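Everything below concerns the one structure shown next.
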Amino acid sequence: MAETIAFAADHGGFELKNLLVEKVRAEGFEPLDLGTYSTDSVDYPDMAAKLAEAIKSGKASRGVLCCGTGIGISIAANRFPFIRAALIHDAFGARLCREHNDANVIVFGGRTIGTEVAYDCLHIFLTTAFAGGRHARRVEKLATIAKE
Ligand code: RB5
């Protein structure tokens, strides 16, 4: 069965989110589009919370978030202790956020990244494994901090 990837965006990330939904579908994943569904203004914390709920409930295993810069929605997503969201601008970051940080959410700025670069980054994110080893200890420490 195809892995389900959840998507959420505010109005600033709406157009890029729609393109990325189709991109993952074409790559054989199952997209779960949680909105927003128009360019009407919405609040990025609400959209991050929708995606976090989908991951917490197991409806999706990983996620993609977009807002205008990617910054606000990253800050919001990382307030959930089970989310490791990485705001990504290039292929190197897309690879390392998986290998070193075991990121389960990739974030893009709809007003800051080119579509083709975002496609590449998303492909790398979806197909790169966590390296474990010394990185596992560090990721475990993130969970410890979240509990404190
Ligand atoms: C919305 O105008 C904009 O502030 C939002 O998309 C995002 O860039 C916030 O970080």
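Scheme for the structure tokens: letters A, B, ... for chains in order shown; per-chain residue numbers from 1; ligand numbers from 1 in order shown.
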Give me the residues of chain A that have any atom at most 10 Å from an atom of ligand 1; for each, the nearest atom pair and the distance in Å, rounded to one decimal. Use only C-alpha atoms and all ligand atoms, sort by chain and number, and format it as a tab-separated table.
```
residue	atom	partner	partner_atom_place_in_ligand_line	distance
A:Ala9	CA	ligand 1	6 (O)	8.2
A:Asp10	CA	ligand 1	6 (O)	5.9
A:His11	CA	ligand 1	6 (O)	6.4
A:Gly12	CA	ligand 1	6 (O)	4.2
A:Gly13	CA	ligand 1	6 (O)	6.4
A:Phe14	CA	ligand 1	6 (O)	9.1
A:Ser41	CA	ligand 1	1 (C)	7.6
A:Val42	CA	ligand 1	1 (C)	8.1
A:Asp43	CA	ligand 1	1 (C)	7.6
A:Tyr44	CA	ligand 1	5 (C)	6.5
A:Pro45	CA	ligand 1	9 (C)	9.2
A:Cys66	CA	ligand 1	6 (O)	7.7
A:Cys67	CA	ligand 1	6 (O)	3.9
A:Gly68	CA	ligand 1	8 (O)	3.4
A:Thr69	CA	ligand 1	8 (O)	4.0
A:Gly70	CA	ligand 1	10 (O)	5.7
A:Ile71	CA	ligand 1	10 (O)	4.4
A:Gly72	CA	ligand 1	10 (O)	3.2
A:Ile73	CA	ligand 1	10 (O)	6.0
A:Ser74	CA	ligand 1	10 (O)	8.0
A:Ile75	CA	ligand 1	10 (O)	8.4
A:Ala76	CA	ligand 1	10 (O)	9.4
A:Phe108	CA	ligand 1	8 (O)	9.9
A:Gly109	CA	ligand 1	8 (O)	7.0
A:Gly110	CA	ligand 1	6 (O)	8.0
A:Arg111	CA	ligand 1	8 (O)	7.8
A:Thr112	CA	ligand 1	8 (O)	9.3
```
Which neighbours of A:Ala131 fall inside 12 Å, counting only C-alpha atoms, when residues of the same chain fewer than 5 positions from it are skipped, and could you give them as a PDB file with C-alpha atoms, in the first residue's frame?
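Printed below is part31.pdb as written:
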```pdb
ATOM      1  CA  ARG A  95      18.891  14.999   2.196  1.00  0.00           C
ATOM      2  CA  LEU A  96      20.386  15.962   5.549  1.00  0.00           C
ATOM      3  CA  CYS A  97      17.040  16.628   7.233  1.00  0.00           C
ATOM      4  CA  ARG A  98      16.261  12.961   6.641  1.00  0.00           C
ATOM      5  CA  GLU A  99      19.707  11.437   7.235  1.00  0.00           C
ATOM      6  CA  HIS A 100      20.588  13.451  10.343  1.00  0.00           C
ATOM      7  CA  ASN A 101      17.336  14.786  11.797  1.00  0.00           C
ATOM      8  CA  ASP A 102      14.791  12.133  10.791  1.00  0.00           C
ATOM      9  CA  ALA A 103      12.492  15.003   9.801  1.00  0.00           C
ATOM     10  CA  ALA A 136      19.587   8.647  16.737  1.00  0.00           C
ATOM     11  CA  ARG A 137      20.973   9.800  20.095  1.00  0.00           C
ATOM     12  CA  ARG A 138      20.489  13.417  19.097  1.00  0.00           C
ATOM     13  CA  VAL A 139      16.970  12.878  17.811  1.00  0.00           C
TER      14      VAL A 139
END
```
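Comparing the minimum interatomic distances between A:Leu142 and each of A:Ala48, A:Asp40, A:Arg84, A:Pro31, counting only C-alpha atoms, we find that A:Arg84 sits nearest.
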task = Identify which of the residues A:Ala91, A:Leu126, A:Cys121, A:Ala8 lies closest to A:Ala77, counting only C-alpha atoms when measuring atom-to-atom distances.
result =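 Smallest separation from A:Ala77 among the options: A:Ala8.
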ask   = So which residues touch A:Leu51 within 12 Å, counting only C-alpha atoms, skipping near sequence neighbours fewer than 6 positions away, as JSON, numbers by chain?
value = {"A": [5, 6, 7, 8, 9, 10, 32, 33, 34, 35, 36, 44, 45, 57, 58, 59, 60, 61, 62, 63, 64, 65, 66, 73, 74, 76, 77, 78, 80, 82, 83, 85, 104, 105, 106, 107]}
message = From a backbone DSSP assignment, name each residue in chain A labelled strand (DSSP E or B), as number ranges by chain.
response = A: 4-9, 30-33, 62-67, 85-87, 105-109
Atomic separation - atom CA of A:Lys141 relative to atom CA of A:Thr4, Å =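 Answer for the atom CA of A:Thr4 to atom CA of A:Lys141 separation: 27.1 Å.
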task = Quick one: everything within 9 Å of stretch 116-119 of chain A, counting only C-alpha atoms, minus sequence neighbours fewer than 6 positions away in the same chain. Send it as a list in words.
result =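 So, after excluding close chain neighbours, the residues are Leu16, Leu19, Leu20, Lys23, Val24, Ile88, His89, Asp90, Ala91 and Phe108 of chain A.
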Which residue of A:Glu27, A:Glu15, A:Glu22, A:Asp46 approaches A:Thr127 most closely, using only C-alpha atoms = A:Glu27
Name the residues of stretch 5-84 of chain A that fall into alpha helix (DSSP H) according to DSSP on the backbone, using the chain letters and numbers of this document, as a compact mmCIF listing (two decimals) with N, CA and C atoms, in the first residue's frame.
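As a result, result_24.txt now contains:
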```txt
# COMPACT_ATOMS: atom_id res chain seq x y z
N PHE A 14 -0.62 28.03 -0.78
CA PHE A 14 -1.71 27.29 -1.45
C PHE A 14 -1.32 26.76 -2.84
N GLU A 15 -0.77 27.62 -3.67
CA GLU A 15 -0.48 27.20 -5.05
C GLU A 15 0.62 26.14 -5.09
N LEU A 16 1.68 26.35 -4.32
CA LEU A 16 2.77 25.36 -4.31
C LEU A 16 2.26 24.04 -3.74
N LYS A 17 1.48 24.10 -2.68
CA LYS A 17 0.93 22.86 -2.09
C LYS A 17 0.17 22.05 -3.13
N ASN A 18 -0.66 22.72 -3.94
CA ASN A 18 -1.43 21.99 -4.95
C ASN A 18 -0.52 21.29 -5.96
N LEU A 19 0.56 21.98 -6.35
CA LEU A 19 1.50 21.36 -7.30
C LEU A 19 2.19 20.15 -6.67
N LEU A 20 2.54 20.28 -5.39
CA LEU A 20 3.27 19.20 -4.72
C LEU A 20 2.36 17.99 -4.47
N VAL A 21 1.09 18.23 -4.23
CA VAL A 21 0.13 17.12 -4.09
C VAL A 21 0.15 16.27 -5.36
N GLU A 22 0.11 16.94 -6.50
CA GLU A 22 0.10 16.19 -7.76
C GLU A 22 1.44 15.51 -8.01
N LYS A 23 2.51 16.15 -7.59
CA LYS A 23 3.85 15.58 -7.75
C LYS A 23 3.97 14.26 -6.98
N VAL A 24 3.53 14.22 -5.72
CA VAL A 24 3.67 12.98 -4.95
C VAL A 24 2.73 11.89 -5.48
N ARG A 25 1.58 12.31 -5.97
CA ARG A 25 0.67 11.32 -6.57
C ARG A 25 1.36 10.65 -7.76
N ALA A 26 2.00 11.49 -8.58
CA ALA A 26 2.70 10.97 -9.77
C ALA A 26 3.86 10.07 -9.37
N TYR A 44 -1.75 30.28 9.54
CA TYR A 44 -0.85 29.12 9.42
C TYR A 44 -0.81 28.22 10.65
N PRO A 45 -0.98 28.73 11.90
CA PRO A 45 -0.98 27.78 13.01
C PRO A 45 -2.12 26.76 12.91
N ASP A 46 -3.27 27.20 12.41
CA ASP A 46 -4.41 26.27 12.26
C ASP A 46 -4.08 25.18 11.26
N MET A 47 -3.36 25.54 10.20
CA MET A 47 -3.04 24.55 9.16
C MET A 47 -1.97 23.58 9.66
N ALA A 48 -1.00 24.08 10.41
CA ALA A 48 0.01 23.20 11.00
C ALA A 48 -0.64 22.21 11.96
N ALA A 49 -1.62 22.69 12.72
CA ALA A 49 -2.31 21.81 13.69
C ALA A 49 -3.08 20.70 12.97
N LYS A 50 -3.68 21.02 11.82
CA LYS A 50 -4.40 19.98 11.07
C LYS A 50 -3.45 18.88 10.63
N LEU A 51 -2.29 19.29 10.14
CA LEU A 51 -1.32 18.29 9.69
C LEU A 51 -0.80 17.47 10.87
N ALA A 52 -0.53 18.13 11.99
CA ALA A 52 -0.04 17.42 13.17
C ALA A 52 -1.06 16.37 13.62
N GLU A 53 -2.32 16.72 13.58
CA GLU A 53 -3.38 15.78 13.98
C GLU A 53 -3.39 14.55 13.05
N ALA A 54 -3.19 14.78 11.76
CA ALA A 54 -3.18 13.66 10.80
C ALA A 54 -2.02 12.72 11.08
N ILE A 55 -0.89 13.28 11.48
CA ILE A 55 0.27 12.43 11.77
C ILE A 55 0.06 11.72 13.12
N LYS A 56 -0.44 12.44 14.09
CA LYS A 56 -0.66 11.85 15.42
C LYS A 56 -1.65 10.68 15.34
N ILE A 71 8.26 29.93 7.27
CA ILE A 71 8.76 30.16 8.63
C ILE A 71 7.66 29.98 9.68
N GLY A 72 6.57 30.69 9.49
CA GLY A 72 5.51 30.63 10.51
C GLY A 72 4.96 29.23 10.70
N ILE A 73 4.76 28.55 9.61
CA ILE A 73 4.15 27.21 9.70
C ILE A 73 5.16 26.20 10.27
N SER A 74 6.48 26.45 10.08
CA SER A 74 7.51 25.61 10.72
C SER A 74 7.49 25.80 12.23
N ILE A 75 7.45 27.06 12.64
CA ILE A 75 7.43 27.34 14.09
C ILE A 75 6.23 26.66 14.72
N ALA A 76 5.09 26.80 14.07
CA ALA A 76 3.86 26.19 14.61
C ALA A 76 3.99 24.66 14.67
N ALA A 77 4.46 24.06 13.60
CA ALA A 77 4.51 22.58 13.55
C ALA A 77 5.45 22.02 14.60
```
